[in-house]
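Reviewing the structure listed below.
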Amino acid sequence: MTTDAPTQTDDATTPGMIKADLLAGLVFILLGLAIFYGAWTMDRLEVRRIHPFTVPGLVPGMLAIALTLCGTILSFRSLRTVAPGGWQQLSGAMLSGAAGRAAAVMLLALVYTLGLVGTLPFWAATGLFVFCFIMVFECWLAAPRKPLLQSLPWALGLAVATATAVTLVFERAFLVRLP
Amino acid sequence: MFDGLLMLGGGLAHFLTPISLFNIAWATLLGIIIGALPGLTATMGVALLVTLTYKMAPDQAILCLMCLYCGAIYGGSRTAILLSIPGTPASAATTLDGHPLALQGKAGTAMGLATTSSALGTIVGIIALALIAPLLAEAALQFGTYEFFWLALFGVVISGQLTAIDDPLKGYIAGILGLLVAMVGMETLHAHQRFTFGITALGGGVDLIPAMVGAFGFAEILGVMKRTAQARIVSSGDRVIPRLADVFRFKWTTIRSGLIGTFVGIVPGVGEDVGAWASYAAAKRVSKEKHLFGKGSQEGLIAAETGNSAVIPGAMIPTLTLALPGSAAAAVLIAAMFIHGIRPGPLLMTENPEFLYQIVAILLFSTIAMLVFGLTLTKPLLTVLSVPRERLMAVVYVLCVVGSFAITQRMFDVYVMVGFGIAGFILREMKYPMAPLVLGIILGDLLDLNLRRGLLLTNGDPSPFFTRPISAVICITIILTILMSIPAVSTRVRSLLTRGRGDASAQS
């Protein structure tokens with residue numbers, strides 16, 4: 001099938017992406033080998049006299065070989081492609097403002113999910129998360145930044161509304177015992 | 001045939017109740033809003049809504065999910081036209097001509113045409129669903145363990161190939177990763193725990209809904225928040241309700257795109273975006289106004305919107321008859337069906353034949369609702385688009401957490417969602433498609449069970465996998481698909497074909 005879709009070739013063949021593919025290929029090779037080892041050493045249930053072709057590790061082992069093969073092709077392909085300045089471009093992308101914004105979302109999400117939920121009452125954790133999220137992204141990481149006093153009422157209002165609505169809907173209407 | 005018509009009538013009558021009509025209205029509208037908001041995809045919307053439909057009757061739950069799905073795929077066109085940002089990936093092709101039309105002051109015309117094209121596309125797909133699904137279900141009864149193994153593999157391979165057109169290798173890797181995720185937990189043949197590392201929560205495997213909410217929800221949030229620029233909204237000043245002459249001017253484009261979209265939908269795990277691009281490419285190839293494509297061509301817009309909407313009913317064909325999801329959102333629908341006690345697959349037409357026609361009826365009602373909302377609620381939908389994503393995404397993440405937690409009420413599922421979200425984001429950034437990954441998670445068990453069951457039946461002899469007619473056909477298709485994705489092979493084949501054509505024309 002051919003399409004006139006705007007191709008991703010420009011992005012895909014940037015020197016940074018070629019180096020990223022090399023790293024990913026190596027990760028897939030390691031992952032594939034680890035899974036193959038796990039599948040090979042998996043219990044073959046000889047005690048239960050099951051047929052050797054139906055051992056639980058058969059399919060994971062085959063998939064691990066396929067992953068290792070794909071990882072190897074990816075790595076070789078990356079090694080064969082000329083990518084001047086690839087590592088600099090890759091590290092530049094990883095340290096860019098966009099990456100920082102994504103990392104900020106991850107951090108907020110992890111603090112909320114792993115730290116606040118279960119420690120604080122759910123409504124309090126949710127309200128706090130929504131408030132912080134809006135303030136961080138409107139007053140600190142936005143371009144241009146919004147004035148604090150302009151965002152504060154919105155952040156507070158939305159935090160209270162979300163915390164109340166989500167808690168009431170899930171606990172009262174759907175009888176979900178929230179953490 | 002008359003049985004089918006009677007059951008379709010029954011399906012339509014079944015949903016002609018106030019509660020059903022109310023559910024159709026809100027779910028379609030919610031779908032349009034979700035689709036219109038950049039960053040919220042149809043799959044994410046359906047996955048989140050599953051958690052809100054537990055307490056509903058099965059028919060009403062599926063009704064809400066299907067309506068949301070249809071609404072979301074259509075809703076993406078609003079953003080594509082007004083912001084030049086596809087609301088959902090399915091609307092990416094719509095941006096090419098929709099936004100230039102809006103810039104020419106024809107945003108209303110573009111939205112009107114997008115609405116009618118989406119409705120017509122869905123109708124073409126609905127007709128195919130009503131005609132093909134019963135036949136395919138009957139044929140699927142002939143399928144055995146060998147055929148199902150190949151079908152599962154075919155689904156992952158073709159999805160990997162078509163969702164990563166530039167680099168199928170990445171599509172295959174995503175598919176293999178998905179299959180490997182499906183290997184975690186208790187396997188069904190001997191009830192043996194695999195790769196659980198002593199973690200009790202992993203015993204039941206990785207649940208699909210949290211994984212999908214992570215891969216399509218949290219990953220999307222990360223992708224959206226990564227960007228800083230906010231797009232400028234183009235307002236609509238002209239008429240939204242299109243003239244009949246405009247709609248029927250490109251009737252052949254509509255029919256062709258509807259058929260292409262339906263066919264793409266039938267192919268497992270490929271989805272609406274490929275349907276839209278394939279229809280767009282076909283329309284461009286045969287158009288008399290090729291030069292207008294990408295500059296505000298109404299034909300291009302119609303092709304893209306008809307194509308993506310026709311995928312929805314098309315995707316329901318393998319979903320209902322083979323339990324192989326035709327798209328990522330259909331994969332969530334399969335999970336929802338199982339949750340509500342409906343078993344899609346070859347036996348559906350035997351066990352619950354009226355269900356297929358209920359789906360047809362739902363799609364028809366949803367199309368009507370989409371048409372009404374799309375043509376009348378242009379101004380309020382524009383207001384929705386002005387919600388800053390900083391505020392929206394915070395709420396969406398909370399819904400991702402609660403949605404994942406609500407299924408089994410354990411924090412482990414929330415951790416799965418977070419893990420898949422981060423992994424999905426990294427993979428997406430490196431241009432790995434998510435659809436094969438999700439399809440792999442769904443089809444992993446089918447593949448594993450049928451391969452080992454087949455080998456058990458033949459006492460280790462693999463020959464039936466290659467000698468049974470249907471198995472052989474699917475196996476050859478898979479091999480050809482993989483071979484054609486290797487640049488050296490495909491270039492060679494293309495040059496041979498070109499030479500062959502050249503020789504033939506020289507002789508004539």
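Residues in the structure tokens are named by chain (A, B, ... in the order shown) and by number from 1 within that chain; ligands are numbered from 1 in the order shown.
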Mind dumping a table of every chain B residue within 6 Å of chain A, with the nearest atom pair and its distance in Å to one decimal, using only C-alpha atoms, sorted by chain and rising number, as a Markdown table?
```
| residue | atom | partner | partner_atom | distance |
| --- | --- | --- | --- | --- |
| B:Leu222 | CA | A:Ala102 | CA | 5.4 |
| B:Lys226 | CA | A:Ala98 | CA | 4.7 |
| B:Trp277 | CA | A:Ala5 | CA | 5.9 |
| B:Ala278 | CA | A:Thr3 | CA | 5.4 |
| B:Ala281 | CA | A:Asp4 | CA | 5.1 |
| B:Glu390 | CA | A:Ile134 | CA | 5.7 |
| B:Arg391 | CA | A:Ile134 | CA | 5.7 |
| B:Ala394 | CA | A:Val130 | CA | 5.3 |
| B:Asp448 | CA | A:Val59 | CA | 5.9 |
| B:Arg452 | CA | A:Thr54 | CA | 4.8 |
| B:Gly460 | CA | A:Phe53 | CA | 5.8 |
```
Would you put the residues from that selection into a file with N, CA, C and O atoms, as a CSV table (one decimal), in the first residue's frame?
```csv
chain,number,residue,atom,x,y,z
B,222,LEU,N,2.1,13.5,27.8
B,222,LEU,CA,3.5,13.8,27.7
B,222,LEU,C,3.8,14.5,26.4
B,222,LEU,O,4.6,15.5,26.3
B,226,LYS,N,4.8,18.5,26.0
B,226,LYS,CA,6.2,18.7,25.5
B,226,LYS,C,6.3,20.0,24.7
B,226,LYS,O,7.2,20.7,24.7
B,277,TRP,N,-5.4,8.2,5.1
B,277,TRP,CA,-4.3,8.4,4.2
B,277,TRP,C,-4.5,7.6,2.9
B,277,TRP,O,-4.2,8.1,1.8
B,278,ALA,N,-4.9,6.4,3.0
B,278,ALA,CA,-5.0,5.5,1.8
B,278,ALA,C,-6.1,6.1,0.9
B,278,ALA,O,-6.0,6.2,-0.3
B,281,ALA,N,-4.8,9.3,-0.7
B,281,ALA,CA,-3.8,9.0,-1.8
B,281,ALA,C,-4.5,8.5,-3.0
B,281,ALA,O,-4.2,8.9,-4.2
B,390,GLU,N,-3.0,23.2,29.4
B,390,GLU,CA,-2.4,23.1,30.7
B,390,GLU,C,-3.5,22.7,31.7
B,390,GLU,O,-3.2,21.9,32.7
B,391,ARG,N,-4.7,23.3,31.5
B,391,ARG,CA,-5.8,22.9,32.5
B,391,ARG,C,-6.4,21.6,32.1
B,391,ARG,O,-6.8,20.9,33.0
B,394,ALA,N,-4.2,18.3,33.1
B,394,ALA,CA,-4.2,17.9,34.5
B,394,ALA,C,-5.4,17.0,34.8
B,394,ALA,O,-5.2,16.0,35.5
B,448,ASP,N,0.0,-17.7,21.3
B,448,ASP,CA,0.7,-18.7,22.1
B,448,ASP,C,-0.1,-20.0,22.3
B,448,ASP,O,0.4,-21.1,22.0
B,452,ARG,N,0.9,-23.8,20.5
B,452,ARG,CA,1.2,-25.0,21.3
B,452,ARG,C,0.1,-26.0,21.3
B,452,ARG,O,0.4,-27.2,21.3
B,460,GLY,N,3.8,-32.7,17.8
B,460,GLY,CA,5.0,-32.0,17.5
B,460,GLY,C,5.3,-31.8,16.0
B,460,GLY,O,6.3,-31.2,15.7
```
Could you pull out the alpha helix (DSSP H) residues of region 8-156 of chain A from DSSP and send them as a compact mmCIF listing (two decimals) with N, CA and C atoms, in the first residue's frame?
```txt
# COMPACT_ATOMS: atom_id res chain seq x y z
N THR A 9 10.28 10.52 7.20
CA THR A 9 11.67 10.27 6.84
C THR A 9 12.59 11.36 7.36
N ASP A 10 12.11 12.62 7.25
CA ASP A 10 12.97 13.73 7.68
C ASP A 10 13.39 13.56 9.13
N ASP A 11 12.37 13.25 9.97
CA ASP A 11 12.66 13.04 11.38
C ASP A 11 13.46 11.77 11.60
N ALA A 12 12.99 10.73 10.87
CA ALA A 12 13.55 9.40 11.12
C ALA A 12 15.02 9.32 10.74
N PRO A 15 20.45 12.71 12.18
CA PRO A 15 21.59 12.02 12.82
C PRO A 15 21.28 11.60 14.25
N GLY A 16 20.53 12.47 14.97
CA GLY A 16 20.18 12.14 16.36
C GLY A 16 19.33 10.89 16.44
N MET A 17 18.37 10.78 15.50
CA MET A 17 17.47 9.62 15.51
C MET A 17 18.23 8.33 15.16
N ILE A 18 19.23 8.47 14.27
CA ILE A 18 20.04 7.29 13.89
C ILE A 18 20.78 6.76 15.12
N LYS A 19 21.32 7.68 15.92
CA LYS A 19 22.03 7.26 17.13
C LYS A 19 21.04 6.70 18.16
N ALA A 20 19.86 7.31 18.22
CA ALA A 20 18.83 6.81 19.14
C ALA A 20 18.44 5.38 18.75
N ASP A 21 18.37 5.13 17.44
CA ASP A 21 18.05 3.79 16.95
C ASP A 21 19.14 2.79 17.35
N LEU A 22 20.39 3.25 17.33
CA LEU A 22 21.50 2.38 17.72
C LEU A 22 21.36 1.97 19.19
N LEU A 23 21.08 2.97 20.02
CA LEU A 23 20.90 2.67 21.45
C LEU A 23 19.72 1.75 21.66
N ALA A 24 18.61 2.06 20.97
CA ALA A 24 17.40 1.24 21.12
C ALA A 24 17.68 -0.19 20.65
N GLY A 25 18.42 -0.32 19.54
CA GLY A 25 18.76 -1.64 19.02
C GLY A 25 19.53 -2.45 20.05
N LEU A 26 20.49 -1.81 20.70
CA LEU A 26 21.29 -2.51 21.72
C LEU A 26 20.41 -2.92 22.91
N VAL A 27 19.48 -2.03 23.28
CA VAL A 27 18.57 -2.36 24.39
C VAL A 27 17.71 -3.57 24.00
N PHE A 28 17.22 -3.57 22.75
CA PHE A 28 16.38 -4.70 22.32
C PHE A 28 17.18 -6.00 22.27
N ILE A 29 18.44 -5.92 21.88
CA ILE A 29 19.28 -7.13 21.84
C ILE A 29 19.42 -7.67 23.27
N LEU A 30 19.74 -6.78 24.20
CA LEU A 30 19.92 -7.21 25.60
C LEU A 30 18.62 -7.78 26.16
N LEU A 31 17.53 -7.06 25.86
CA LEU A 31 16.22 -7.51 26.35
C LEU A 31 15.87 -8.87 25.76
N GLY A 32 16.10 -9.01 24.46
CA GLY A 32 15.82 -10.27 23.78
C GLY A 32 16.62 -11.42 24.38
N LEU A 33 17.91 -11.17 24.62
CA LEU A 33 18.76 -12.23 25.19
C LEU A 33 18.31 -12.59 26.61
N ALA A 34 17.96 -11.57 27.38
CA ALA A 34 17.50 -11.83 28.75
C ALA A 34 16.21 -12.65 28.75
N ILE A 35 15.30 -12.29 27.85
CA ILE A 35 14.02 -13.02 27.78
C ILE A 35 14.27 -14.45 27.29
N PHE A 36 15.20 -14.60 26.34
CA PHE A 36 15.50 -15.94 25.84
C PHE A 36 16.06 -16.81 26.97
N TYR A 37 16.93 -16.20 27.77
CA TYR A 37 17.49 -16.95 28.91
C TYR A 37 16.35 -17.35 29.86
N GLY A 38 15.46 -16.40 30.12
CA GLY A 38 14.32 -16.68 31.00
C GLY A 38 13.44 -17.79 30.44
N ALA A 39 13.22 -17.75 29.13
CA ALA A 39 12.36 -18.76 28.49
C ALA A 39 13.04 -20.13 28.49
N TRP A 40 14.38 -20.14 28.26
CA TRP A 40 15.14 -21.39 28.20
C TRP A 40 15.17 -22.08 29.57
N LEU A 58 8.19 -21.88 25.17
CA LEU A 58 8.38 -21.98 23.71
C LEU A 58 8.15 -20.65 22.99
N VAL A 59 6.96 -20.09 23.17
CA VAL A 59 6.62 -18.85 22.44
C VAL A 59 7.46 -17.65 22.93
N PRO A 60 7.60 -17.46 24.26
CA PRO A 60 8.47 -16.35 24.68
C PRO A 60 9.88 -16.48 24.11
N GLY A 61 10.39 -17.71 24.03
CA GLY A 61 11.72 -17.94 23.47
C GLY A 61 11.79 -17.53 22.01
N MET A 62 10.76 -17.92 21.25
CA MET A 62 10.73 -17.56 19.82
C MET A 62 10.63 -16.05 19.64
N LEU A 63 9.79 -15.43 20.48
CA LEU A 63 9.65 -13.98 20.40
C LEU A 63 10.95 -13.28 20.77
N ALA A 64 11.65 -13.84 21.77
CA ALA A 64 12.93 -13.25 22.18
C ALA A 64 13.93 -13.31 21.04
N ILE A 65 13.94 -14.43 20.30
CA ILE A 65 14.85 -14.53 19.14
C ILE A 65 14.49 -13.46 18.11
N ALA A 66 13.17 -13.32 17.87
CA ALA A 66 12.72 -12.32 16.88
C ALA A 66 13.12 -10.91 17.32
N LEU A 67 12.99 -10.63 18.62
CA LEU A 67 13.35 -9.29 19.12
C LEU A 67 14.85 -9.04 18.99
N THR A 68 15.63 -10.08 19.32
CA THR A 68 17.09 -9.95 19.21
C THR A 68 17.48 -9.70 17.75
N LEU A 69 16.83 -10.43 16.85
CA LEU A 69 17.11 -10.27 15.42
C LEU A 69 16.77 -8.85 14.95
N CYS A 70 15.59 -8.39 15.35
CA CYS A 70 15.17 -7.03 14.95
C CYS A 70 16.12 -5.99 15.55
N GLY A 71 16.51 -6.20 16.81
CA GLY A 71 17.44 -5.27 17.46
C GLY A 71 18.77 -5.24 16.74
N THR A 72 19.23 -6.41 16.30
CA THR A 72 20.51 -6.50 15.59
C THR A 72 20.42 -5.75 14.26
N ILE A 73 19.31 -5.97 13.53
CA ILE A 73 19.15 -5.29 12.23
C ILE A 73 19.12 -3.77 12.45
N LEU A 74 18.38 -3.35 13.48
CA LEU A 74 18.27 -1.92 13.79
C LEU A 74 19.66 -1.33 14.10
N SER A 75 20.43 -2.06 14.90
CA SER A 75 21.77 -1.58 15.27
C SER A 75 22.69 -1.51 14.05
N PHE A 76 22.70 -2.59 13.26
CA PHE A 76 23.56 -2.62 12.08
C PHE A 76 23.20 -1.50 11.10
N ARG A 77 21.89 -1.32 10.93
CA ARG A 77 21.41 -0.28 10.02
C ARG A 77 21.90 1.09 10.50
N SER A 78 21.82 1.29 11.81
CA SER A 78 22.25 2.58 12.37
C SER A 78 23.76 2.76 12.21
N LEU A 79 24.49 1.66 12.44
CA LEU A 79 25.96 1.76 12.33
C LEU A 79 26.39 2.06 10.90
N ARG A 80 25.62 1.51 9.93
CA ARG A 80 25.99 1.68 8.52
C ARG A 80 25.62 3.06 7.98
N GLY A 86 25.63 13.18 15.30
CA GLY A 86 24.43 12.49 15.80
C GLY A 86 24.33 12.49 17.32
N TRP A 87 25.47 12.20 17.97
CA TRP A 87 25.42 12.12 19.44
C TRP A 87 25.11 13.48 20.04
N GLN A 88 25.71 14.54 19.44
CA GLN A 88 25.44 15.90 19.96
C GLN A 88 23.95 16.22 19.78
N GLN A 89 23.43 15.86 18.61
CA GLN A 89 22.02 16.17 18.35
C GLN A 89 21.11 15.40 19.31
N LEU A 90 21.47 14.15 19.55
CA LEU A 90 20.67 13.32 20.46
C LEU A 90 20.72 13.87 21.88
N SER A 91 21.94 14.20 22.34
CA SER A 91 22.03 14.73 23.71
C SER A 91 21.37 16.10 23.80
N GLY A 92 21.44 16.88 22.68
CA GLY A 92 20.76 18.18 22.64
C GLY A 92 19.26 18.01 22.78
N ALA A 93 18.72 16.99 22.08
CA ALA A 93 17.27 16.74 22.14
C ALA A 93 16.85 16.30 23.54
N MET A 94 17.75 15.52 24.18
CA MET A 94 17.42 15.00 25.51
C MET A 94 17.52 16.08 26.58
N GLY A 97 14.36 22.09 25.92
CA GLY A 97 13.23 22.58 26.71
C GLY A 97 12.04 21.63 26.63
N ALA A 98 11.82 21.06 25.43
CA ALA A 98 10.69 20.13 25.25
C ALA A 98 10.86 18.92 26.17
N ALA A 99 12.10 18.40 26.22
CA ALA A 99 12.36 17.25 27.08
C ALA A 99 12.15 17.64 28.54
N GLY A 100 12.53 18.87 28.89
CA GLY A 100 12.34 19.36 30.25
C GLY A 100 10.87 19.42 30.62
N ARG A 101 10.05 19.87 29.68
CA ARG A 101 8.60 19.94 29.94
C ARG A 101 8.02 18.54 30.12
N ALA A 102 8.46 17.61 29.27
CA ALA A 102 7.98 16.23 29.41
C ALA A 102 8.44 15.65 30.76
N ALA A 103 9.68 15.96 31.14
CA ALA A 103 10.19 15.46 32.42
C ALA A 103 9.40 16.06 33.59
N ALA A 104 9.00 17.33 33.44
CA ALA A 104 8.20 17.96 34.50
C ALA A 104 6.85 17.26 34.66
N VAL A 105 6.24 16.91 33.52
CA VAL A 105 4.95 16.18 33.59
C VAL A 105 5.16 14.84 34.28
N MET A 106 6.24 14.14 33.87
CA MET A 106 6.54 12.83 34.46
C MET A 106 6.73 12.96 35.98
N LEU A 107 7.49 13.96 36.37
CA LEU A 107 7.78 14.15 37.79
C LEU A 107 6.49 14.42 38.57
N LEU A 108 5.68 15.35 38.05
CA LEU A 108 4.41 15.66 38.73
C LEU A 108 3.53 14.41 38.82
N ALA A 109 3.47 13.69 37.70
CA ALA A 109 2.61 12.49 37.65
C ALA A 109 3.13 11.43 38.63
N LEU A 110 4.45 11.25 38.68
CA LEU A 110 5.00 10.23 39.58
C LEU A 110 4.81 10.62 41.04
N PHE A 122 -7.81 10.83 48.73
CA PHE A 122 -7.74 10.94 47.27
C PHE A 122 -8.10 12.35 46.79
N TRP A 123 -9.15 12.94 47.40
CA TRP A 123 -9.56 14.27 46.93
C TRP A 123 -8.46 15.30 47.15
N ALA A 124 -7.76 15.19 48.29
CA ALA A 124 -6.70 16.15 48.60
C ALA A 124 -5.53 15.98 47.64
N ALA A 125 -5.16 14.72 47.40
CA ALA A 125 -4.04 14.44 46.48
C ALA A 125 -4.37 14.96 45.09
N THR A 126 -5.60 14.72 44.64
CA THR A 126 -6.01 15.14 43.29
C THR A 126 -6.02 16.67 43.18
N GLY A 127 -6.61 17.32 44.19
CA GLY A 127 -6.65 18.78 44.18
C GLY A 127 -5.25 19.38 44.12
N LEU A 128 -4.37 18.83 44.92
CA LEU A 128 -3.00 19.32 44.98
C LEU A 128 -2.29 19.14 43.63
N PHE A 129 -2.50 17.97 43.03
CA PHE A 129 -1.86 17.68 41.74
C PHE A 129 -2.35 18.65 40.67
N VAL A 130 -3.66 18.81 40.57
CA VAL A 130 -4.22 19.68 39.52
C VAL A 130 -3.72 21.11 39.72
N PHE A 131 -3.73 21.56 40.97
CA PHE A 131 -3.27 22.92 41.27
C PHE A 131 -1.80 23.11 40.83
N CYS A 132 -0.96 22.19 41.28
CA CYS A 132 0.48 22.30 40.95
C CYS A 132 0.71 22.23 39.44
N PHE A 133 0.01 21.31 38.78
CA PHE A 133 0.18 21.11 37.34
C PHE A 133 -0.10 22.41 36.59
N ILE A 134 -1.24 23.02 36.92
CA ILE A 134 -1.64 24.24 36.20
C ILE A 134 -0.65 25.37 36.50
N MET A 135 -0.30 25.51 37.76
CA MET A 135 0.62 26.61 38.13
C MET A 135 1.99 26.43 37.46
N LEU A 148 1.02 35.34 37.83
CA LEU A 148 0.62 34.43 38.91
C LEU A 148 -0.84 34.64 39.31
N LEU A 149 -1.20 35.91 39.43
CA LEU A 149 -2.56 36.22 39.91
C LEU A 149 -3.64 35.86 38.88
N GLN A 150 -3.22 35.75 37.64
CA GLN A 150 -4.19 35.38 36.60
C GLN A 150 -4.46 33.87 36.63
N SER A 151 -3.43 33.10 36.91
CA SER A 151 -3.58 31.65 36.89
C SER A 151 -4.11 31.09 38.21
N LEU A 152 -3.77 31.78 39.30
CA LEU A 152 -4.11 31.25 40.63
C LEU A 152 -5.60 30.91 40.80
N PRO A 153 -6.52 31.84 40.47
CA PRO A 153 -7.94 31.50 40.67
C PRO A 153 -8.37 30.30 39.82
N TRP A 154 -7.86 30.24 38.59
CA TRP A 154 -8.20 29.12 37.71
C TRP A 154 -7.68 27.80 38.29
N ALA A 155 -6.42 27.84 38.73
CA ALA A 155 -5.81 26.62 39.26
C ALA A 155 -6.56 26.14 40.51
N LEU A 156 -6.88 27.09 41.37
CA LEU A 156 -7.61 26.74 42.60
C LEU A 156 -9.00 26.20 42.28
```
- Please provide as a PyMOL selection string all residues within 8 Å of Lys295 (chain B), with the sequence filter that same-chain residues fewer than 6 positions apart are discarded (counting only C-alpha atoms). chain B and resi 96-97+100-101
- Message: As an exercise, work out the distance from CA of Ile442 (chain B) to CA of Asp413 (chain B) in Å and give it to one decimal place.
- Response: 16.6 Å
- Between B:Ser404, B:Thr321, B:Thr350, B:Gln358, single out the one closest to Ala137 (chain B), counting only C-alpha atoms.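 Smallest separation from Ala137 (chain B) among the options: B:Thr321.
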- Kindly give the distance, in Å, that separates CA of Ala174 (chain B) and CA of Ile476 (chain B), rounded to a single decimal.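 Going from CA of Ala174 (chain B) over to CA of Ile476 (chain B) covers 21.9 Å.
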- Message: Using only C-alpha atoms for the distances, tell me which of B:Gly39, B:Gly10, B:Pro242, B:Gly444 is nearest to Pro86 (chain B).
- Response: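 Selected residue with least distance to Pro86 (chain B): B:Gly39.
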- Separation of CA of Thr378 (chain B) from CA of Ala315 (chain B) in Å: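 CA of Thr378 (chain B) lies at a distance of 28.3 Å from CA of Ala315 (chain B).
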- Message: If we count only C-alpha atoms and set the cut-off at 10 Å, which residues sit around Ala36 (chain B), ignoring sequence neighbours fewer than 2 positions away in its own chain? Please answer as a ChimeraX atom specification.
- Response: /B:30-34,38-42,71-80,82,85-88,91,381-382,384-385
